[in-house]
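Asker: Input: one structure, supplied below.
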Amino acid sequence: MDNKAKIREIFTSIQGEGPYVGTKQLFIRFCGCNLKCDYCDTDFEVSKSKDYTVAELVNLVNETGEAYTISLTGGEPLCSVNFLKEFLPQIKKYGHKIYLETNATLPDALLQVIDSVDIVSADIKLKSSTGMVIAPDIYEKFFAESVKKECFAKVVFDDRITDEEIDLCAELAEKYDFELILQPKMNGMEFSVTPEFCEIIFDKFYSKYKKVRIIPQVHKFINLR
């Protein structure tokens, strides 16, 4: 039986988050996620998806045109790790650069595909903004592996962020030497926090760890997906 994955959509657009903001990417949005964040605004509903075999998706990617990178997004792409194990080595043969967007909570799945990934865009999920608690040892295991490639972590925050959460993020980033991208939580098209609060939070992070930047969701301001 052919290996298949449920794909919600495939489209070319401009990356709107993180240090690669403004670059052209081909986005492959996988269905399914192992988390349920309070702020999630992404439509990855399985009922709206289409099943693709590895060969079908490889052909479609190669027909779509050149982009800076192929962004595997979701949902959570690593929920489809069995598909990725077959798909990624095949698509890499054509010279594509792979950009993995992940919630950083599936380290065992990452281990199975990391050799075929070029850039890891990981999230550090704060209880204050997501409503969930992720065990620190999961992040330890994930980042120990992900930093073997180019890696950075996004931290979505609102006015409930705590000093303890800032300490946790800074300590983790310093231990594994990756950049932290602070991303103010959005309510639709509006920031959930004031510019003054953003500056306060930035200064708290910067006092503990220097490789930190604030980058909001730029694609929302230019009306892109």
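Quick note on naming: the chains in the structure tokens go A, B, ... in the order shown, residues restart at 1 in each chain, and ligands are numbered from 1 in order of appearance.
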Using the chain letters and numbers from this document, which residues of region 94-163 of chain A does DSSP assign to strand (DSSP E), as a list in words?
Answerer: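 Put together, the selection reads Ile98, Tyr99, Leu100, Glu101, Thr102, Ile119, Val120, Ser121, Ala122, Asp123, Glu150, Cys151, Phe152, Ala153, Lys154, Val155, Val156 and Phe157 of chain A.
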Asker: Fewer than 3 positions away in the same chain doesn't count, so skip those; otherwise give me all residues within 10 Å of Asp118 (chain A), counting only C-alpha atoms, as a VMD selection string.
Answerer: chain A and resid 69 to 70 96 to 100 114 to 115 146 148 to 151
Asker: Store the residues picked out above, limited to N, CA, C and O atoms, as a compact mmCIF listing (two decimals), in the first residue's frame.
Answerer:
```
# COMPACT_ATOMS: atom_id res chain seq x y z
N THR A 69 12.59 28.11 0.09
CA THR A 69 12.56 26.85 0.83
C THR A 69 11.18 26.23 0.72
O THR A 69 10.20 26.90 0.37
N ILE A 70 11.12 24.95 1.05
CA ILE A 70 9.83 24.26 1.21
C ILE A 70 9.52 24.24 2.69
O ILE A 70 10.28 23.66 3.48
N HIS A 96 15.96 20.79 -3.16
CA HIS A 96 15.10 21.66 -2.35
C HIS A 96 15.63 21.79 -0.92
O HIS A 96 16.16 20.83 -0.35
N LYS A 97 15.46 22.97 -0.35
CA LYS A 97 15.84 23.24 1.04
C LYS A 97 14.60 23.07 1.90
O LYS A 97 13.54 23.64 1.61
N ILE A 98 14.71 22.30 2.98
CA ILE A 98 13.55 21.94 3.80
C ILE A 98 13.53 22.74 5.10
O ILE A 98 14.50 22.74 5.87
N TYR A 99 12.40 23.40 5.33
CA TYR A 99 12.18 24.26 6.50
C TYR A 99 11.04 23.63 7.29
O TYR A 99 9.89 23.60 6.84
N LEU A 100 11.33 23.11 8.46
CA LEU A 100 10.34 22.40 9.28
C LEU A 100 9.79 23.33 10.35
O LEU A 100 10.52 23.82 11.19
N ILE A 114 15.57 14.22 10.84
CA ILE A 114 16.44 15.38 10.96
C ILE A 114 17.52 15.43 9.89
O ILE A 114 17.92 16.53 9.45
N ASP A 115 17.99 14.30 9.41
CA ASP A 115 19.03 14.30 8.38
C ASP A 115 18.57 14.93 7.08
O ASP A 115 19.41 15.38 6.28
N SER A 146 17.75 19.11 17.40
CA SER A 146 17.44 20.09 16.35
C SER A 146 18.59 21.04 16.07
O SER A 146 18.76 21.52 14.94
N LYS A 148 21.55 20.47 15.71
CA LYS A 148 22.54 19.92 14.77
C LYS A 148 22.34 20.53 13.39
O LYS A 148 23.22 20.43 12.52
N LYS A 149 21.19 21.14 13.16
CA LYS A 149 20.88 21.88 11.94
C LYS A 149 20.65 23.34 12.32
O LYS A 149 20.69 23.71 13.49
N GLU A 150 20.39 24.19 11.33
CA GLU A 150 20.03 25.58 11.64
C GLU A 150 18.71 25.56 12.41
O GLU A 150 17.74 24.93 11.98
N CYS A 151 18.67 26.26 13.54
CA CYS A 151 17.50 26.16 14.42
C CYS A 151 17.26 27.48 15.14
O CYS A 151 18.20 28.17 15.52
```
Asker: Using only C-alpha atoms, which residue out of A:Leu26, A:Val81, A:Phe152, A:Met189 lies closest to Arg213 (chain A)?
Answerer: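 Smallest distance to Arg213 (chain A) is found for A:Phe152.
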Asker: Which residue is closest to Ala122 (chain A)? Choose from A:Pro136, A:Gly188, A:Gly18, A:Phe205 and count only C-alpha atoms.
Answerer: A:Gly18
Asker: State, in Å with one decimal place, the distance from CA of Thr73 (chain A) to CA of Phe202 (chain A).
Answerer: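 Taking CA of Thr73 (chain A) and CA of Phe202 (chain A), their separation equals 26.7 Å.
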Asker: Give me the residues within 7 Å of region 164-176 of chain A as an mmCIF file with N, CA and C atoms, in the first residue's frame, counting only C-alpha atoms and dropping any in the same chain fewer than 4 places off.
Answerer:
```
data_model
loop_
_atom_site.group_PDB
_atom_site.id
_atom_site.type_symbol
_atom_site.label_atom_id
_atom_site.label_comp_id
_atom_site.auth_asym_id
_atom_site.auth_seq_id
_atom_site.Cartn_x
_atom_site.Cartn_y
_atom_site.Cartn_z
ATOM 1 N N LEU A 126 4.306 28.335 25.892
ATOM 2 C CA LEU A 126 4.145 28.820 27.259
ATOM 3 C C LEU A 126 2.746 28.508 27.771
ATOM 4 N N PHE A 143 15.619 19.922 21.420
ATOM 5 C CA PHE A 143 16.628 20.892 20.992
ATOM 6 C C PHE A 143 18.032 20.297 20.952
ATOM 7 N N ALA A 144 18.298 19.293 21.750
ATOM 8 C CA ALA A 144 19.590 18.620 21.675
ATOM 9 C C ALA A 144 19.826 18.056 20.284
ATOM 10 N N VAL A 147 19.411 21.345 17.087
ATOM 11 C CA VAL A 147 20.493 22.310 16.882
ATOM 12 C C VAL A 147 21.662 21.727 16.088
ATOM 13 N N LEU A 180 16.165 33.113 19.963
ATOM 14 C CA LEU A 180 14.777 33.216 20.398
ATOM 15 C C LEU A 180 14.087 34.332 19.630
ATOM 16 N N PHE A 205 14.035 39.407 28.607
ATOM 17 C CA PHE A 205 14.737 38.332 27.911
ATOM 18 C C PHE A 205 16.198 38.714 27.658
ATOM 19 N N LYS A 208 18.898 38.327 30.154
ATOM 20 C CA LYS A 208 19.289 36.949 30.459
ATOM 21 C C LYS A 208 19.960 36.247 29.273
ATOM 22 N N TYR A 209 19.636 36.707 28.044
ATOM 23 C CA TYR A 209 20.128 36.011 26.845
ATOM 24 C C TYR A 209 20.117 36.996 25.683
#
```
Asker: State, in Å with one decimal place, the distance from CA of Gln183 (chain A) to CA of Ile214 (chain A).
Answerer: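 Here the two named atoms are 6.0 Å from each other.
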Asker: Find the distance between CA of Lys185 (chain A) and CA of Ile10 (chain A) and write it in Å to one decimal.
Answerer: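 Straight-line distance from CA of Lys185 (chain A) to CA of Ile10 (chain A) works out to 25.3 Å.
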